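Enquirer: Sharing a structure with you now.
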Amino acid sequence: MGYIKSEILEETGFVVLDPYEGVIDPKEWLDIEYVDWKSSGDTRFAPIASAKGEIECNGFWNHKPPRTDKDGVWIDSQVEIAPTLTARAKEPGANVGRCRIIELQPNTYADCLYNLHQDDNNRLNPDGTGWVVRSFFQLTDDKDSFFVLRDNRTDPSVEYRLQLRAGTQLVIDTQRLWHAATHVGDEPRYCLINSWESGPELDAYLAKYNATTEYEQFYVPQDELDAGQAEQERRLAARAAYYAAKGQKEKVAMSEA
C-alpha cells in the first residue's frame, strides 16, 4: 500500500515556503525551558509537544507503549511561554508529533558535513498512513549561516545550501535527506522544528505558502567546500577505525532528535 506522501516533496525531498513576515517576541525561544539533547552539533532543545506532555525529547517509540512520531501532547508550561510558536506548529491542521525549538551553537562547514544525519521519523508508522516530515522555521536572523541537504552523506555532487534568514520556512523529508546546519556567528541559532504528518491538510498548507523546489544556492568558496569535504572524509575514516579497533559495528548516523 505504501505511505501517504506530498507529491511536491517527491522531486528533491524538500520545499521552500514564503518567508514568515510576522513578529515574534524572542522571549518565546529565550525564556522557554531547554534540556540538554544532542543532535548534529552542540545543541539543546526546548520541547513544546512531546510523547506524554513532559519536558523531554525522547523518540515516541522509546516510551511505553511505544508509538510513531504522531499525536504529540502539548506541554502547558511551554505553550504558555511560546503561544505564537505553538500556533505556528498547529496552523496547518496536520497531525503534530514532536514540536521543539533547537538551540545550535556556532560551528563550521566541516562540522556540519561530519554531523550530516537522517531522522528516524517513521519508526512504527503504520503502512497506509501519512509519512512524517519535518518543518524548519528559522527564528534568528543568521544571514551567514546555511542549511545543508544531501542525497548521499559523503557525495558533494548533489548538495543544497539554503540561507537561514529569520522567517525562512522549509519542509523536508528528513528521513530521506541527509541534513545539518552550518552556523556562523557569535550567538546561538534558534529554529522551530515540527514533525508533521503528510496528507491533505499539509498539502493545503504547502500550497497556501507557495511551496517550491526553486531556491538560491548559498555561496561558499570552492576552497572551503573542498576543505570541508576533506575534513569530513578524515573524521569519518577516523570514526570507522575507532569502531574497528574495538571490534564493534559503526553506528548509523540517524538521529532521534
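Simple scheme: letters A, B, ... for chains in C-alpha cells order, numbers from 1 for residues in each chain, numbers from 1 for ligands in the order shown.
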I need the residues in stretch 79-148 of chain A that are strand (DSSP E) according to DSSP; give them as a list in words.
Expert: Val96, Gly97, Arg98, Cys99, Arg100, Ile101, Ile102, Glu103, Leu104, Gln118, Asp119, Val132, Val133, Arg134, Ser135, Phe136, Phe137, Gln138, Asp142, Lys143, Asp144, Ser145, Phe146, Phe147 and Val148 of chain A
Enquirer: Would you put the residues from that selection into a file with N, CA, C and O atoms, as an mmCIF file, in the first residue's frame?
Expert:
data_model
loop_
_atom_site.group_PDB
_atom_site.id
_atom_site.type_symbol
_atom_site.label_atom_id
_atom_site.label_comp_id
_atom_site.auth_asym_id
_atom_site.auth_seq_id
_atom_site.Cartn_x
_atom_site.Cartn_y
_atom_site.Cartn_z
ATOM 1 N N VAL A 96 0.537 16.705 14.568
ATOM 2 C CA VAL A 96 1.843 17.124 15.071
ATOM 3 C C VAL A 96 2.383 16.049 16.007
ATOM 4 O O VAL A 96 1.675 15.606 16.916
ATOM 5 N N GLY A 97 3.609 15.642 15.782
ATOM 6 C CA GLY A 97 4.267 14.712 16.693
ATOM 7 C C GLY A 97 5.140 15.507 17.644
ATOM 8 O O GLY A 97 4.661 16.225 18.513
ATOM 9 N N ARG A 98 6.429 15.427 17.440
ATOM 10 C CA ARG A 98 7.339 16.240 18.238
ATOM 11 C C ARG A 98 7.345 17.681 17.733
ATOM 12 O O ARG A 98 7.333 17.939 16.545
ATOM 13 N N CYS A 99 7.334 18.618 18.665
ATOM 14 C CA CYS A 99 7.459 20.041 18.367
ATOM 15 C C CYS A 99 8.472 20.582 19.350
ATOM 16 O O CYS A 99 8.300 20.442 20.560
ATOM 17 N N ARG A 100 9.523 21.183 18.828
ATOM 18 C CA ARG A 100 10.567 21.682 19.734
ATOM 19 C C ARG A 100 11.371 22.790 19.083
ATOM 20 O O ARG A 100 11.373 22.923 17.846
ATOM 21 N N ILE A 101 12.040 23.567 19.900
ATOM 22 C CA ILE A 101 12.964 24.599 19.446
ATOM 23 C C ILE A 101 14.376 24.054 19.614
ATOM 24 O O ILE A 101 14.710 23.479 20.655
ATOM 25 N N ILE A 102 15.189 24.226 18.581
ATOM 26 C CA ILE A 102 16.588 23.831 18.682
ATOM 27 C C ILE A 102 17.445 25.067 18.917
ATOM 28 O O ILE A 102 17.207 26.128 18.333
ATOM 29 N N GLU A 103 18.412 24.923 19.806
ATOM 30 C CA GLU A 103 19.448 25.931 20.029
ATOM 31 C C GLU A 103 20.760 25.322 19.577
ATOM 32 O O GLU A 103 21.205 24.313 20.123
ATOM 33 N N LEU A 104 21.367 25.906 18.540
ATOM 34 C CA LEU A 104 22.614 25.384 17.981
ATOM 35 C C LEU A 104 23.734 26.396 18.173
ATOM 36 O O LEU A 104 23.605 27.559 17.768
ATOM 37 N N GLN A 118 20.290 11.527 8.983
ATOM 38 C CA GLN A 118 18.893 11.359 8.609
ATOM 39 C C GLN A 118 18.084 11.171 9.885
ATOM 40 O O GLN A 118 18.587 10.629 10.867
ATOM 41 N N ASP A 119 16.835 11.616 9.865
ATOM 42 C CA ASP A 119 15.983 11.487 11.047
ATOM 43 C C ASP A 119 15.186 10.186 11.015
ATOM 44 O O ASP A 119 14.832 9.677 9.958
ATOM 45 N N VAL A 132 5.736 10.974 7.917
ATOM 46 C CA VAL A 132 6.100 12.093 8.776
ATOM 47 C C VAL A 132 7.303 12.834 8.193
ATOM 48 O O VAL A 132 8.337 12.236 7.908
ATOM 49 N N VAL A 133 7.139 14.141 8.016
ATOM 50 C CA VAL A 133 8.211 15.011 7.550
ATOM 51 C C VAL A 133 8.437 16.079 8.615
ATOM 52 O O VAL A 133 7.728 16.114 9.624
ATOM 53 N N ARG A 134 9.400 16.951 8.358
ATOM 54 C CA ARG A 134 9.681 17.988 9.355
ATOM 55 C C ARG A 134 9.695 19.380 8.746
ATOM 56 O O ARG A 134 10.148 19.573 7.618
ATOM 57 N N SER A 135 9.188 20.310 9.521
ATOM 58 C CA SER A 135 9.247 21.714 9.134
ATOM 59 C C SER A 135 10.318 22.409 9.965
ATOM 60 O O SER A 135 10.542 22.068 11.133
ATOM 61 N N PHE A 136 10.973 23.369 9.343
ATOM 62 C CA PHE A 136 12.011 24.159 9.998
ATOM 63 C C PHE A 136 11.655 25.632 9.816
ATOM 64 O O PHE A 136 11.576 26.130 8.686
ATOM 65 N N PHE A 137 11.416 26.318 10.930
ATOM 66 C CA PHE A 137 11.045 27.730 10.922
ATOM 67 C C PHE A 137 12.152 28.499 11.633
ATOM 68 O O PHE A 137 12.292 28.427 12.854
ATOM 69 N N GLN A 138 12.955 29.226 10.836
ATOM 70 C CA GLN A 138 14.113 29.925 11.365
ATOM 71 C C GLN A 138 13.698 31.128 12.187
ATOM 72 O O GLN A 138 12.955 32.004 11.705
ATOM 73 N N ASP A 142 20.212 34.649 10.890
ATOM 74 C CA ASP A 142 21.589 34.186 10.725
ATOM 75 C C ASP A 142 21.936 34.170 9.235
ATOM 76 O O ASP A 142 22.011 33.116 8.597
ATOM 77 N N LYS A 143 22.169 35.360 8.682
ATOM 78 C CA LYS A 143 22.341 35.509 7.242
ATOM 79 C C LYS A 143 23.597 34.843 6.707
ATOM 80 O O LYS A 143 23.695 34.571 5.505
ATOM 81 N N ASP A 144 24.568 34.586 7.575
ATOM 82 C CA ASP A 144 25.803 33.935 7.143
ATOM 83 C C ASP A 144 25.764 32.426 7.377
ATOM 84 O O ASP A 144 26.739 31.730 7.076
ATOM 85 N N SER A 145 24.665 31.938 7.920
ATOM 86 C CA SER A 145 24.509 30.516 8.211
ATOM 87 C C SER A 145 23.649 29.860 7.135
ATOM 88 O O SER A 145 22.878 30.535 6.456
ATOM 89 N N PHE A 146 23.779 28.542 7.009
ATOM 90 C CA PHE A 146 23.031 27.866 5.952
ATOM 91 C C PHE A 146 22.796 26.408 6.295
ATOM 92 O O PHE A 146 23.581 25.771 7.004
ATOM 93 N N PHE A 147 21.685 25.915 5.802
ATOM 94 C CA PHE A 147 21.300 24.513 5.943
ATOM 95 C C PHE A 147 21.920 23.742 4.786
ATOM 96 O O PHE A 147 21.926 24.222 3.647
ATOM 97 N N VAL A 148 22.415 22.546 5.061
ATOM 98 C CA VAL A 148 22.989 21.685 4.029
ATOM 99 C C VAL A 148 22.137 20.429 3.907
ATOM 100 O O VAL A 148 21.836 19.772 4.912
#
Enquirer: Against stretch 235-249 of chain A, which residues of stretch 4-114 of chain A fall within 10 Å? For each one I want the closest pair of atoms and the distance in Å (one decimal), counting only C-alpha atoms, rows by chain and increasing residue number, as CSV.
Expert:
residue,atom,partner,partner_atom,distance
A:Ala110,CA,A:Arg235,CA,9.5
A:Asp111,CA,A:Arg235,CA,9.6
A:Leu113,CA,A:Arg235,CA,9.9
A:Tyr114,CA,A:Arg235,CA,7.0
Enquirer: Those residues you just picked out, can you put them in a file as a CSV table (one decimal), in the first residue's frame with N, CA, C and O atoms?
Expert:
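selection_5.csv, freshly written:
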chain,number,residue,atom,x,y,z
A,110,ALA,N,32.8,22.2,7.9
A,110,ALA,CA,33.4,20.8,8.1
A,110,ALA,C,32.6,20.1,9.3
A,110,ALA,O,32.3,18.9,9.1
A,111,ASP,N,32.3,20.8,10.3
A,111,ASP,CA,31.5,20.2,11.4
A,111,ASP,C,30.1,19.8,10.9
A,111,ASP,O,29.6,18.7,11.2
A,113,LEU,N,29.2,19.0,7.8
A,113,LEU,CA,29.3,17.8,7.0
A,113,LEU,C,29.5,16.5,7.8
A,113,LEU,O,28.9,15.5,7.5
A,114,TYR,N,30.3,16.6,8.8
A,114,TYR,CA,30.5,15.5,9.7
A,114,TYR,C,29.2,15.1,10.4
A,114,TYR,O,28.9,13.9,10.7
Enquirer: A:Ala94, A:Val35, A:Val15, A:Leu9: which is nearest A:Glu214, counting only C-alpha atoms?
Expert: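 Nearest to A:Glu214: A:Val15.
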Enquirer: Here is a test: counting only C-alpha atoms, which residue of A:Tyr190, A:Trp178, A:Trp74, A:Phe60 is nearest to A:Leu30?
Expert: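 Ranking A:Tyr190, A:Trp178, A:Trp74, A:Phe60 by distance to A:Leu30, first place goes to A:Tyr190.
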Enquirer: Compile the contact shell of stretch 38-52 of chain A as a ChimeraX atom specification: residues with an atom at most 9 Å away, counting only C-alpha atoms, same-chain residues fewer than 4 positions apart removed.
Expert: /A:29,32-34,56-61,63,67,69-79,82,85-86,96-107,111-112,114-117,179-181,255-257
Enquirer: Taking the DSSP assignment computed from this structure's backbone, write out as an MDAnalysis selection string all residues of stretch 63-253 of chain A that belong to helix (DSSP H, G or I).
Expert: chainID A and resid 76:81 83:90 109:114 200:208 222:245
Enquirer: Which distance in Å separates atom CA of A:Asn194 and atom CA of A:Ala89, to one decimal?
Expert: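 Between atom CA of A:Asn194 and atom CA of A:Ala89 the gap is 6.4 Å.
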Enquirer: Between atom CA of A:Val184 and atom CA of A:Thr108, what is the spacing in Å?
Expert: 7.0 Å
Enquirer: When you count only C-alpha atoms, which of these residues is closest to A:Asp173: A:Leu139, A:Ile55, A:Val158, A:Leu149?
Expert: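 Of all the options, A:Leu149 lies closest to A:Asp173.
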Enquirer: Point out the residue among A:Ile172, A:Val23, A:Ile4, A:Leu164 with the least atom-to-atom distance to A:Glu216, counting only C-alpha atoms.
Expert: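 Among A:Ile172, A:Val23, A:Ile4, A:Leu164, it is A:Leu164 that comes nearest to A:Glu216.
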Enquirer: Could you tell me how far atom CA of A:Tyr3 lies from atom CA of A:Gly199, in Å and to one decimal?
Expert: 9.7 Å
